Amino acid sequence: MTALDLKPINVAELSEDKYQEFMEANQRHIEANKKYLKSQYTQTSNPDYSNDPRVKPYATITVAGQVVATIDNQGVVGTDSNELGERINKLLAGLNEDAASSGPAAAQNRADKIAEMLGGRIVKAGTAMSQSQYNALAPFEQSGSTIDYVAMKTDPLYDQLQNLYAKHANIERERADYLGRQ
């Protein structure tokens, strides 16, 4: 038997389970191509948070005149030492913070605990915010993306994708006709 002796399969006439299996696989194939094509023409923009008051310092913790930790207005803690950072992380992980505690309230709570643990003192920054100032801020701007649809439609893969959609729809019509004749 040669390839010329083989009869092509008519997907529309397959058993229901085989038909569904084929159509689902075909749909996944089309969606993967669509996702790939879109990704080729997508530009992502990340907002600049460098001037956002939430990321400005709330306080530093000093021990013997040396800064050992910084805390921003969100309550995010930073250290220059991995070992100290690990100790602070363990301390903060054990805190039973109120879920509503965020921003300067969380920053102050964490600063108090770190200063207590290390025997240090808290030095509030000039950029420290009050909780009401923090709460009044608009939410962080989210990253955005844009798709250049004009350029995408000139890509040869776009035409191939349109053909795949048309073939898929044609198989669905042929299936409906086949089932209608049964």
# chains A, B, ... in the order shown; residues from 1 in each chain; ligands from 1
$ residues_around --residues "stretch 48-65 of chain A" --least-positions-apart "4" --cutoff "7 Å" --atoms "only C-alpha atoms" --output "PyMOL selection string"
chain A and resi 69-74+107+111+115+119-125+127-129
$ residues_around --residues "A:Gly85" --least-positions-apart "6" --cutoff "12 Å" --atoms "only C-alpha atoms" --output "ChimeraX atom specification"
/A:68-70,76-79,91-93,114
$ select_by_dssp --residues "chain A" --states "strand (DSSP E or B)" --output "list of chain:residue names"
A:Thr42, A:Gln43, A:Thr44, A:Ser45, A:Pro57, A:Tyr58, A:Ala59, A:Thr60, A:Ile61, A:Thr62, A:Val63, A:Gln66, A:Val67, A:Val68, A:Ala69, A:Thr70, A:Ile71, A:Asp72, A:Val77, A:Gly78, A:Arg121, A:Ile122, A:Val123, A:Lys124, A:Gly144, A:Ser145, A:Thr146, A:Ile147
$ closest_residue --among "A:Gly103, A:Tyr165, A:Ala151, A:Lys113" --to "A:Tyr134" --atoms "only C-alpha atoms"
A:Gly103
$ residues_around --residues "A:Asn26" --least-positions-apart "6" --cutoff "12 Å" --atoms "only C-alpha atoms" --output "short mmCIF file (atom, residue, chain, number, x, y, z; two decimals) with all heavy atoms, in the first residue's frame"
data_model
loop_
_atom_site.label_atom_id
_atom_site.label_comp_id
_atom_site.auth_asym_id
_atom_site.auth_seq_id
_atom_site.Cartn_x
_atom_site.Cartn_y
_atom_site.Cartn_z
N VAL A 11 -12.93 14.74 8.62
CA VAL A 11 -13.09 15.02 10.05
C VAL A 11 -14.56 15.14 10.41
O VAL A 11 -14.99 14.69 11.48
CB VAL A 11 -12.32 16.30 10.44
CG1 VAL A 11 -12.57 16.67 11.89
CG2 VAL A 11 -10.83 16.11 10.18
N TYR A 19 -14.14 13.38 16.74
CA TYR A 19 -14.39 14.71 16.19
C TYR A 19 -14.08 15.78 17.24
O TYR A 19 -13.37 16.75 16.96
CB TYR A 19 -15.85 14.83 15.72
CG TYR A 19 -16.26 16.25 15.37
CD1 TYR A 19 -15.88 16.81 14.15
CD2 TYR A 19 -17.01 17.01 16.24
CE1 TYR A 19 -16.24 18.11 13.83
CE2 TYR A 19 -17.37 18.31 15.93
CZ TYR A 19 -16.98 18.86 14.72
OH TYR A 19 -17.33 20.14 14.42
N GLN A 20 -14.59 15.60 18.46
CA GLN A 20 -14.35 16.58 19.53
C GLN A 20 -12.86 16.68 19.84
O GLN A 20 -12.34 17.77 20.04
CB GLN A 20 -15.15 16.21 20.79
CG GLN A 20 -16.64 16.38 20.66
CD GLN A 20 -17.05 17.82 20.36
OE1 GLN A 20 -16.40 18.77 20.76
NE2 GLN A 20 -18.15 17.96 19.64
N ALA A 32 -2.68 28.93 20.10
CA ALA A 32 -1.24 29.05 20.33
C ALA A 32 -0.61 29.95 19.26
O ALA A 32 0.23 30.80 19.56
CB ALA A 32 -0.58 27.68 20.33
N ASN A 33 -1.03 29.78 18.02
CA ASN A 33 -0.53 30.63 16.94
C ASN A 33 -0.95 32.08 17.13
O ASN A 33 -0.17 33.00 16.89
CB ASN A 33 -1.01 30.11 15.58
CG ASN A 33 -0.15 28.99 15.07
OD1 ASN A 33 1.02 29.18 14.80
ND2 ASN A 33 -0.73 27.81 14.97
N LEU A 161 -3.28 32.34 9.90
CA LEU A 161 -4.20 32.21 11.03
C LEU A 161 -5.65 32.40 10.57
O LEU A 161 -6.54 31.65 10.99
CB LEU A 161 -3.83 33.25 12.10
CG LEU A 161 -4.43 33.10 13.48
CD1 LEU A 161 -4.14 31.73 14.07
CD2 LEU A 161 -3.86 34.18 14.40
N LEU A 164 -6.70 29.25 9.01
CA LEU A 164 -6.99 28.22 10.02
C LEU A 164 -8.38 28.42 10.62
O LEU A 164 -9.13 27.45 10.80
CB LEU A 164 -5.93 28.23 11.12
CG LEU A 164 -4.54 27.73 10.75
CD1 LEU A 164 -3.56 27.96 11.90
CD2 LEU A 164 -4.59 26.26 10.36
N TYR A 165 -8.74 29.67 10.91
CA TYR A 165 -10.08 29.97 11.44
C TYR A 165 -11.15 29.56 10.43
O TYR A 165 -12.16 28.95 10.79
CB TYR A 165 -10.24 31.46 11.75
CG TYR A 165 -9.70 31.90 13.09
CD1 TYR A 165 -8.68 32.84 13.16
CD2 TYR A 165 -10.22 31.40 14.28
CE1 TYR A 165 -8.19 33.27 14.40
CE2 TYR A 165 -9.74 31.81 15.50
CZ TYR A 165 -8.72 32.75 15.55
OH TYR A 165 -8.24 33.17 16.77
N ALA A 166 -10.92 29.89 9.16
CA ALA A 166 -11.90 29.57 8.12
C ALA A 166 -12.05 28.05 7.96
O ALA A 166 -13.17 27.55 7.84
CB ALA A 166 -11.48 30.21 6.80
N LYS A 167 -10.94 27.33 7.98
CA LYS A 167 -11.00 25.87 7.86
C LYS A 167 -11.73 25.25 9.05
O LYS A 167 -12.51 24.31 8.89
CB LYS A 167 -9.59 25.28 7.75
CG LYS A 167 -8.95 25.53 6.40
CD LYS A 167 -7.54 24.96 6.35
CE LYS A 167 -6.90 25.28 5.00
NZ LYS A 167 -5.50 24.83 4.96
N HIS A 168 -11.47 25.79 10.24
CA HIS A 168 -12.14 25.29 11.45
C HIS A 168 -13.65 25.49 11.33
O HIS A 168 -14.43 24.57 11.61
CB HIS A 168 -11.58 26.01 12.68
CG HIS A 168 -12.00 25.42 13.97
ND1 HIS A 168 -11.34 24.37 14.56
CD2 HIS A 168 -13.03 25.73 14.81
CE1 HIS A 168 -11.93 24.05 15.69
NE2 HIS A 168 -12.96 24.86 15.88
N ALA A 169 -14.05 26.68 10.91
CA ALA A 169 -15.48 26.99 10.75
C ALA A 169 -16.09 26.10 9.66
O ALA A 169 -17.24 25.65 9.80
CB ALA A 169 -15.67 28.46 10.41
N ILE A 171 -15.15 23.05 8.84
CA ILE A 171 -15.33 21.70 9.39
C ILE A 171 -16.59 21.66 10.27
O ILE A 171 -17.35 20.69 10.22
CB ILE A 171 -14.09 21.26 10.20
CG1 ILE A 171 -12.89 21.07 9.26
CG2 ILE A 171 -14.36 19.97 10.97
CD1 ILE A 171 -11.56 20.87 9.99
N GLU A 172 -16.82 22.71 11.04
CA GLU A 172 -18.03 22.77 11.88
C GLU A 172 -19.30 22.74 11.02
O GLU A 172 -20.26 22.04 11.35
CB GLU A 172 -18.01 24.03 12.75
CG GLU A 172 -16.99 23.97 13.87
CD GLU A 172 -16.89 25.26 14.67
OE1 GLU A 172 -17.07 26.35 14.10
OE2 GLU A 172 -16.64 25.16 15.88
#
$ closest_residue --among "A:Leu118, A:Ile147, A:Ala25, A:Ile30" --to "A:Asn163" --atoms "only C-alpha atoms"
A:Ile30
$ closest_residue --among "A:Ala106, A:Met117, A:Asp5, A:Gly144" --to "A:Leu84" --atoms "only C-alpha atoms"
A:Met117
$ residues_around --residues "stretch 153-157 of chain A" --least-positions-apart "6" --cutoff "10 Å" --atoms "only C-alpha atoms" --output "list in words"
Asn33, Lys34, Tyr36, Leu37, Gln40, Tyr41 and Asn163 of chain A
$ residues_around --residues "stretch 136-142 of chain A" --least-positions-apart "4" --cutoff "8 Å" --atoms "only C-alpha atoms" --output "ChimeraX atom specification"
/A:46-47,132
$ atom_distance --atom1 "atom CA of A:Gln43" --atom2 "atom CA of A:Thr146"
5.4 Å
$ atom_distance --atom1 "atom CA of A:Arg173" --atom2 "atom CA of A:Glu16"
14.7 Å
$ select_by_dssp --residues "chain A" --states "alpha helix (DSSP H)" --output "JSON list (two decimals) with N, CA and C atoms, in the first residue's frame"
[["chain", "number", "residue", "atom", "x", "y", "z"],
["A", 16, "GLU", "N", -18.20, 10.97, 17.37],
["A", 16, "GLU", "CA", -18.30, 12.20, 18.17],
["A", 16, "GLU", "C", -17.06, 12.44, 19.01],
["A", 17, "ASP", "N", -16.56, 11.41, 19.70],
["A", 17, "ASP", "CA", -15.39, 11.61, 20.56],
["A", 17, "ASP", "C", -14.15, 11.97, 19.74],
["A", 18, "LYS", "N", -13.94, 11.33, 18.60],
["A", 18, "LYS", "CA", -12.79, 11.64, 17.74],
["A", 18, "LYS", "C", -12.93, 13.03, 17.12],
["A", 19, "TYR", "N", -14.14, 13.38, 16.74],
["A", 19, "TYR", "CA", -14.39, 14.71, 16.19],
["A", 19, "TYR", "C", -14.08, 15.78, 17.24],
["A", 20, "GLN", "N", -14.59, 15.60, 18.46],
["A", 20, "GLN", "CA", -14.35, 16.58, 19.53],
["A", 20, "GLN", "C", -12.86, 16.68, 19.84],
["A", 21, "GLU", "N", -12.21, 15.54, 19.89],
["A", 21, "GLU", "CA", -10.77, 15.51, 20.18],
["A", 21, "GLU", "C", -10.00, 16.31, 19.12],
["A", 22, "PHE", "N", -10.33, 16.07, 17.84],
["A", 22, "PHE", "CA", -9.67, 16.79, 16.76],
["A", 22, "PHE", "C", -9.95, 18.28, 16.85],
["A", 23, "MET", "N", -11.20, 18.66, 17.05],
["A", 23, "MET", "CA", -11.57, 20.07, 17.05],
["A", 23, "MET", "C", -10.94, 20.82, 18.24],
["A", 24, "GLU", "N", -10.87, 20.15, 19.39],
["A", 24, "GLU", "CA", -10.23, 20.78, 20.55],
["A", 24, "GLU", "C", -8.74, 20.97, 20.30],
["A", 25, "ALA", "N", -8.09, 19.98, 19.73],
["A", 25, "ALA", "CA", -6.66, 20.09, 19.41],
["A", 25, "ALA", "C", -6.44, 21.18, 18.37],
["A", 26, "ASN", "N", -7.31, 21.24, 17.40],
["A", 26, "ASN", "CA", -7.22, 22.26, 16.35],
["A", 26, "ASN", "C", -7.39, 23.65, 16.95],
["A", 27, "GLN", "N", -8.35, 23.79, 17.87],
["A", 27, "GLN", "CA", -8.58, 25.08, 18.52],
["A", 27, "GLN", "C", -7.37, 25.49, 19.35],
["A", 28, "ARG", "N", -6.76, 24.55, 20.06],
["A", 28, "ARG", "CA", -5.55, 24.85, 20.83],
["A", 28, "ARG", "C", -4.41, 25.29, 19.91],
["A", 29, "HIS", "N", -4.29, 24.65, 18.78],
["A", 29, "HIS", "CA", -3.27, 25.00, 17.79],
["A", 29, "HIS", "C", -3.49, 26.43, 17.29],
["A", 30, "ILE", "N", -4.72, 26.75, 16.97],
["A", 30, "ILE", "CA", -5.04, 28.10, 16.49],
["A", 30, "ILE", "C", -4.75, 29.13, 17.59],
["A", 31, "GLU", "N", -5.17, 28.85, 18.81],
["A", 31, "GLU", "CA", -4.96, 29.80, 19.91],
["A", 31, "GLU", "C", -3.47, 30.00, 20.20],
["A", 32, "ALA", "N", -2.68, 28.93, 20.10],
["A", 32, "ALA", "CA", -1.24, 29.05, 20.33],
["A", 32, "ALA", "C", -0.61, 29.95, 19.26],
["A", 33, "ASN", "N", -1.03, 29.78, 18.02],
["A", 33, "ASN", "CA", -0.53, 30.63, 16.94],
["A", 33, "ASN", "C", -0.95, 32.08, 17.13],
["A", 34, "LYS", "N", -2.20, 32.27, 17.56],
["A", 34, "LYS", "CA", -2.71, 33.62, 17.79],
["A", 34, "LYS", "C", -1.91, 34.30, 18.91],
["A", 35, "LYS", "N", -1.67, 33.57, 19.98],
["A", 35, "LYS", "CA", -0.91, 34.10, 21.12],
["A", 35, "LYS", "C", 0.51, 34.46, 20.68],
["A", 36, "TYR", "N", 1.13, 33.57, 19.92],
["A", 36, "TYR", "CA", 2.48, 33.83, 19.43],
["A", 36, "TYR", "C", 2.50, 35.08, 18.56],
["A", 37, "LEU", "N", 1.56, 35.18, 17.62],
["A", 37, "LEU", "CA", 1.51, 36.32, 16.72],
["A", 37, "LEU", "C", 1.33, 37.62, 17.50],
["A", 38, "LYS", "N", 0.40, 37.63, 18.43],
["A", 38, "LYS", "CA", 0.17, 38.84, 19.24],
["A", 38, "LYS", "C", 1.43, 39.22, 20.02],
["A", 39, "SER", "N", 2.12, 38.22, 20.56],
["A", 39, "SER", "CA", 3.32, 38.52, 21.35],
["A", 39, "SER", "C", 4.40, 39.19, 20.51],
["A", 40, "GLN", "N", 4.44, 38.88, 19.22],
["A", 40, "GLN", "CA", 5.43, 39.48, 18.33],
["A", 40, "GLN", "C", 5.18, 40.97, 18.09],
["A", 82, "ASN", "N", 22.88, 40.18, 54.14],
["A", 82, "ASN", "CA", 22.02, 39.01, 53.94],
["A", 82, "ASN", "C", 21.68, 38.33, 55.27],
["A", 83, "GLU", "N", 22.69, 38.22, 56.14],
["A", 83, "GLU", "CA", 22.46, 37.57, 57.44],
["A", 83, "GLU", "C", 21.44, 38.35, 58.26],
["A", 84, "LEU", "N", 21.62, 39.66, 58.33],
["A", 84, "LEU", "CA", 20.67, 40.49, 59.07],
["A", 84, "LEU", "C", 19.30, 40.46, 58.40],
["A", 85, "GLY", "N", 19.31, 40.49, 57.08],
["A", 85, "GLY", "CA", 18.05, 40.41, 56.34],
["A", 85, "GLY", "C", 17.28, 39.15, 56.67],
["A", 86, "GLU", "N", 17.99, 38.04, 56.78],
["A", 86, "GLU", "CA", 17.33, 36.77, 57.13],
["A", 86, "GLU", "C", 16.75, 36.82, 58.54],
["A", 87, "ARG", "N", 17.50, 37.40, 59.48],
["A", 87, "ARG", "CA", 17.01, 37.53, 60.86],
["A", 87, "ARG", "C", 15.75, 38.41, 60.91],
["A", 88, "ILE", "N", 15.80, 39.51, 60.17],
["A", 88, "ILE", "CA", 14.64, 40.42, 60.14],
["A", 88, "ILE", "C", 13.45, 39.75, 59.48],
["A", 89, "ASN", "N", 13.70, 39.03, 58.40],
["A", 89, "ASN", "CA", 12.60, 38.32, 57.72],
["A", 89, "ASN", "C", 11.93, 37.32, 58.65],
["A", 90, "LYS", "N", 12.74, 36.60, 59.45],
["A", 90, "LYS", "CA", 12.17, 35.64, 60.41],
["A", 90, "LYS", "C", 11.33, 36.37, 61.45],
["A", 91, "LEU", "N", 11.83, 37.50, 61.92],
["A", 91, "LEU", "CA", 11.08, 38.30, 62.90],
["A", 91, "LEU", "C", 9.76, 38.77, 62.31],
["A", 92, "LEU", "N", 9.82, 39.31, 61.10],
["A", 92, "LEU", "CA", 8.61, 39.85, 60.47],
["A", 92, "LEU", "C", 7.63, 38.75, 60.09],
["A", 93, "ALA", "N", 8.15, 37.58, 59.73],
["A", 93, "ALA", "CA", 7.27, 36.46, 59.39],
["A", 93, "ALA", "C", 6.48, 36.02, 60.62],
["A", 104, "PRO", "N", 2.24, 53.22, 56.04],
["A", 104, "PRO", "CA", 2.97, 53.75, 57.19],
["A", 104, "PRO", "C", 2.66, 53.02, 58.50],
["A", 105, "ALA", "N", 1.46, 52.52, 58.68],
["A", 105, "ALA", "CA", 1.14, 51.77, 59.90],
["A", 105, "ALA", "C", 2.00, 50.51, 59.97],
["A", 106, "ALA", "N", 2.11, 49.81, 58.87],
["A", 106, "ALA", "CA", 2.95, 48.62, 58.81],
["A", 106, "ALA", "C", 4.42, 49.01, 58.95],
["A", 107, "ALA", "N", 4.81, 50.10, 58.30],
["A", 107, "ALA", "CA", 6.20, 50.55, 58.39],
["A", 107, "ALA", "C", 6.58, 50.85, 59.84],
["A", 108, "GLN", "N", 5.71, 51.55, 60.55],
["A", 108, "GLN", "CA", 6.01, 51.90, 61.95],
["A", 108, "GLN", "C", 6.07, 50.64, 62.82],
["A", 109, "ASN", "N", 5.13, 49.74, 62.63],
["A", 109, "ASN", "CA", 5.11, 48.50, 63.39],
["A", 109, "ASN", "C", 6.39, 47.70, 63.16],
["A", 110, "ARG", "N", 6.80, 47.59, 61.92],
["A", 110, "ARG", "CA", 8.01, 46.83, 61.60],
["A", 110, "ARG", "C", 9.25, 47.53, 62.13],
["A", 111, "ALA", "N", 9.27, 48.86, 62.02],
["A", 111, "ALA", "CA", 10.41, 49.61, 62.55],
["A", 111, "ALA", "C", 10.53, 49.39, 64.05],
["A", 112, "ASP", "N", 9.42, 49.45, 64.76],
["A", 112, "ASP", "CA", 9.43, 49.23, 66.21],
["A", 112, "ASP", "C", 10.00, 47.85, 66.54],
["A", 113, "LYS", "N", 9.54, 46.82, 65.84],
["A", 113, "LYS", "CA", 9.98, 45.45, 66.12],
["A", 113, "LYS", "C", 11.47, 45.26, 65.81],
["A", 114, "ILE", "N", 11.92, 45.83, 64.70],
["A", 114, "ILE", "CA", 13.33, 45.68, 64.32],
["A", 114, "ILE", "C", 14.22, 46.42, 65.31],
["A", 115, "ALA", "N", 13.83, 47.65, 65.67],
["A", 115, "ALA", "CA", 14.62, 48.43, 66.63],
["A", 115, "ALA", "C", 14.69, 47.71, 67.97],
["A", 116, "GLU", "N", 13.57, 47.13, 68.38],
["A", 116, "GLU", "CA", 13.54, 46.38, 69.64],
["A", 116, "GLU", "C", 14.46, 45.17, 69.57],
["A", 117, "MET", "N", 14.40, 44.44, 68.47],
["A", 117, "MET", "CA", 15.22, 43.23, 68.31],
["A", 117, "MET", "C", 16.71, 43.56, 68.30],
["A", 118, "LEU", "N", 17.08, 44.66, 67.64],
["A", 118, "LEU", "CA", 18.50, 44.98, 67.46],
["A", 118, "LEU", "C", 19.03, 45.97, 68.49],
["A", 131, "GLN", "N", -0.58, 57.87, 57.64],
["A", 131, "GLN", "CA", -1.47, 56.84, 57.11],
["A", 131, "GLN", "C", -2.56, 57.47, 56.25],
["A", 132, "SER", "N", -3.08, 58.63, 56.66],
["A", 132, "SER", "CA", -4.15, 59.28, 55.87],
["A", 132, "SER", "C", -3.61, 59.75, 54.52],
["A", 133, "GLN", "N", -2.37, 60.24, 54.47],
["A", 133, "GLN", "CA", -1.78, 60.62, 53.18],
["A", 133, "GLN", "C", -1.64, 59.39, 52.28],
["A", 134, "TYR", "N", -1.18, 58.30, 52.88],
["A", 134, "TYR", "CA", -0.98, 57.06, 52.14],
["A", 134, "TYR", "C", -2.31, 56.55, 51.60],
["A", 135, "ASN", "N", -3.33, 56.55, 52.45],
["A", 135, "ASN", "CA", -4.65, 56.06, 52.04],
["A", 135, "ASN", "C", -5.28, 56.90, 50.95],
["A", 136, "ALA", "N", -4.89, 58.18, 50.87],
["A", 136, "ALA", "CA", -5.47, 59.09, 49.87],
["A", 136, "ALA", "C", -4.85, 58.91, 48.48],
["A", 149, "TYR", "N", -1.74, 46.30, 15.82],
["A", 149, "TYR", "CA", -2.58, 45.46, 14.96],
["A", 149, "TYR", "C", -2.33, 45.74, 13.48],
["A", 150, "VAL", "N", -2.01, 46.97, 13.13],
["A", 150, "VAL", "CA", -1.76, 47.30, 11.72],
["A", 150, "VAL", "C", -0.57, 46.50, 11.21],
["A", 151, "ALA", "N", 0.53, 46.51, 11.96],
["A", 151, "ALA", "CA", 1.72, 45.75, 11.55],
["A", 151, "ALA", "C", 1.44, 44.24, 11.60],
["A", 152, "MET", "N", 0.71, 43.82, 12.62],
["A", 152, "MET", "CA", 0.42, 42.39, 12.78],
["A", 152, "MET", "C", -0.34, 41.85, 11.57],
["A", 156, "PRO", "N", 2.72, 37.46, 7.37],
["A", 156, "PRO", "CA", 2.18, 36.28, 6.67],
["A", 156, "PRO", "C", 1.48, 35.30, 7.63],
["A", 157, "LEU", "N", 1.94, 35.23, 8.86],
["A", 157, "LEU", "CA", 1.29, 34.33, 9.83],
["A", 157, "LEU", "C", -0.14, 34.76, 10.10],
["A", 158, "TYR", "N", -0.43, 36.06, 10.00],
["A", 158, "TYR", "CA", -1.80, 36.54, 10.20],
["A", 158, "TYR", "C", -2.73, 35.92, 9.16],
["A", 159, "ASP", "N", -2.29, 35.92, 7.90],
["A", 159, "ASP", "CA", -3.11, 35.30, 6.83],
["A", 159, "ASP", "C", -3.27, 33.81, 7.07],
["A", 160, "GLN", "N", -2.21, 33.14, 7.50],
["A", 160, "GLN", "CA", -2.30, 31.71, 7.79],
["A", 160, "GLN", "C", -3.30, 31.46, 8.92],
["A", 161, "LEU", "N", -3.28, 32.34, 9.90],
["A", 161, "LEU", "CA", -4.20, 32.21, 11.03],
["A", 161, "LEU", "C", -5.65, 32.40, 10.57],
["A", 162, "GLN", "N", -5.88, 33.35, 9.69],
["A", 162, "GLN", "CA", -7.23, 33.56, 9.17],
["A", 162, "GLN", "C", -7.70, 32.32, 8.40],
["A", 163, "ASN", "N", -6.78, 31.70, 7.66],
["A", 163, "ASN", "CA", -7.12, 30.47, 6.94],
["A", 163, "ASN", "C", -7.45, 29.34, 7.90],
["A", 164, "LEU", "N", -6.70, 29.25, 9.01],
["A", 164, "LEU", "CA", -6.99, 28.22, 10.02],
["A", 164, "LEU", "C", -8.38, 28.42, 10.62],
["A", 165, "TYR", "N", -8.74, 29.67, 10.91],
["A", 165, "TYR", "CA", -10.08, 29.97, 11.44],
["A", 165, "TYR", "C", -11.15, 29.56, 10.43],
["A", 166, "ALA", "N", -10.92, 29.89, 9.16],
["A", 166, "ALA", "CA", -11.90, 29.57, 8.12],
["A", 166, "ALA", "C", -12.05, 28.05, 7.96],
["A", 167, "LYS", "N", -10.94, 27.33, 7.98],
["A", 167, "LYS", "CA", -11.00, 25.87, 7.86],
["A", 167, "LYS", "C", -11.73, 25.25, 9.05],
["A", 168, "HIS", "N", -11.47, 25.79, 10.24],
["A", 168, "HIS", "CA", -12.14, 25.29, 11.45],
["A", 168, "HIS", "C", -13.65, 25.49, 11.33],
["A", 169, "ALA", "N", -14.05, 26.68, 10.91],
["A", 169, "ALA", "CA", -15.48, 26.99, 10.75],
["A", 169, "ALA", "C", -16.09, 26.10, 9.66],
["A", 170, "ASN", "N", -15.34, 25.84, 8.61],
["A", 170, "ASN", "CA", -15.85, 24.99, 7.53],
["A", 170, "ASN", "C", -16.07, 23.56, 8.02],
["A", 171, "ILE", "N", -15.15, 23.05, 8.84],
["A", 171, "ILE", "CA", -15.33, 21.70, 9.39],
["A", 171, "ILE", "C", -16.59, 21.66, 10.27],
["A", 172, "GLU", "N", -16.82, 22.71, 11.04],
["A", 172, "GLU", "CA", -18.03, 22.77, 11.88],
["A", 172, "GLU", "C", -19.30, 22.74, 11.02],
["A", 173, "ARG", "N", -19.28, 23.47, 9.89],
["A", 173, "ARG", "CA", -20.45, 23.46, 8.98],
["A", 173, "ARG", "C", -20.64, 22.08, 8.36],
["A", 174, "GLU", "N", -19.53, 21.48, 7.93],
["A", 174, "GLU", "CA", -19.60, 20.14, 7.34],
["A", 174, "GLU", "C", -20.13, 19.13, 8.36],
["A", 175, "ARG", "N", -19.74, 19.29, 9.61],
["A", 175, "ARG", "CA", -20.21, 18.39, 10.67],
["A", 175, "ARG", "C", -21.72, 18.54, 10.85],
["A", 176, "ALA", "N", -22.18, 19.78, 10.89],
["A", 176, "ALA", "CA", -23.62, 20.03, 11.04],
["A", 176, "ALA", "C", -24.39, 19.41, 9.88],
["A", 177, "ASP", "N", -23.86, 19.57, 8.66],
["A", 177, "ASP", "CA", -24.52, 18.97, 7.49],
["A", 177, "ASP", "C", -24.52, 17.45, 7.58],
["A", 178, "TYR", "N", -23.39, 16.88, 7.97],
["A", 178, "TYR", "CA", -23.27, 15.43, 8.10],
["A", 178, "TYR", "C", -24.27, 14.89, 9.12],
["A", 179, "LEU", "N", -24.31, 15.56, 10.29],
["A", 179, "LEU", "CA", -25.25, 15.10, 11.33],
["A", 179, "LEU", "C", -26.70, 15.28, 10.90],
["A", 180, "GLY", "N", -26.95, 16.31, 10.10],
["A", 180, "GLY", "CA", -28.31, 16.54, 9.60],
["A", 180, "GLY", "C", -28.77, 15.46, 8.62],
["A", 181, "ARG", "N", -27.84, 14.83, 7.96],
["A", 181, "ARG", "CA", -28.16, 13.76, 7.01],
["A", 181, "ARG", "C", -28.30, 12.41, 7.70]]
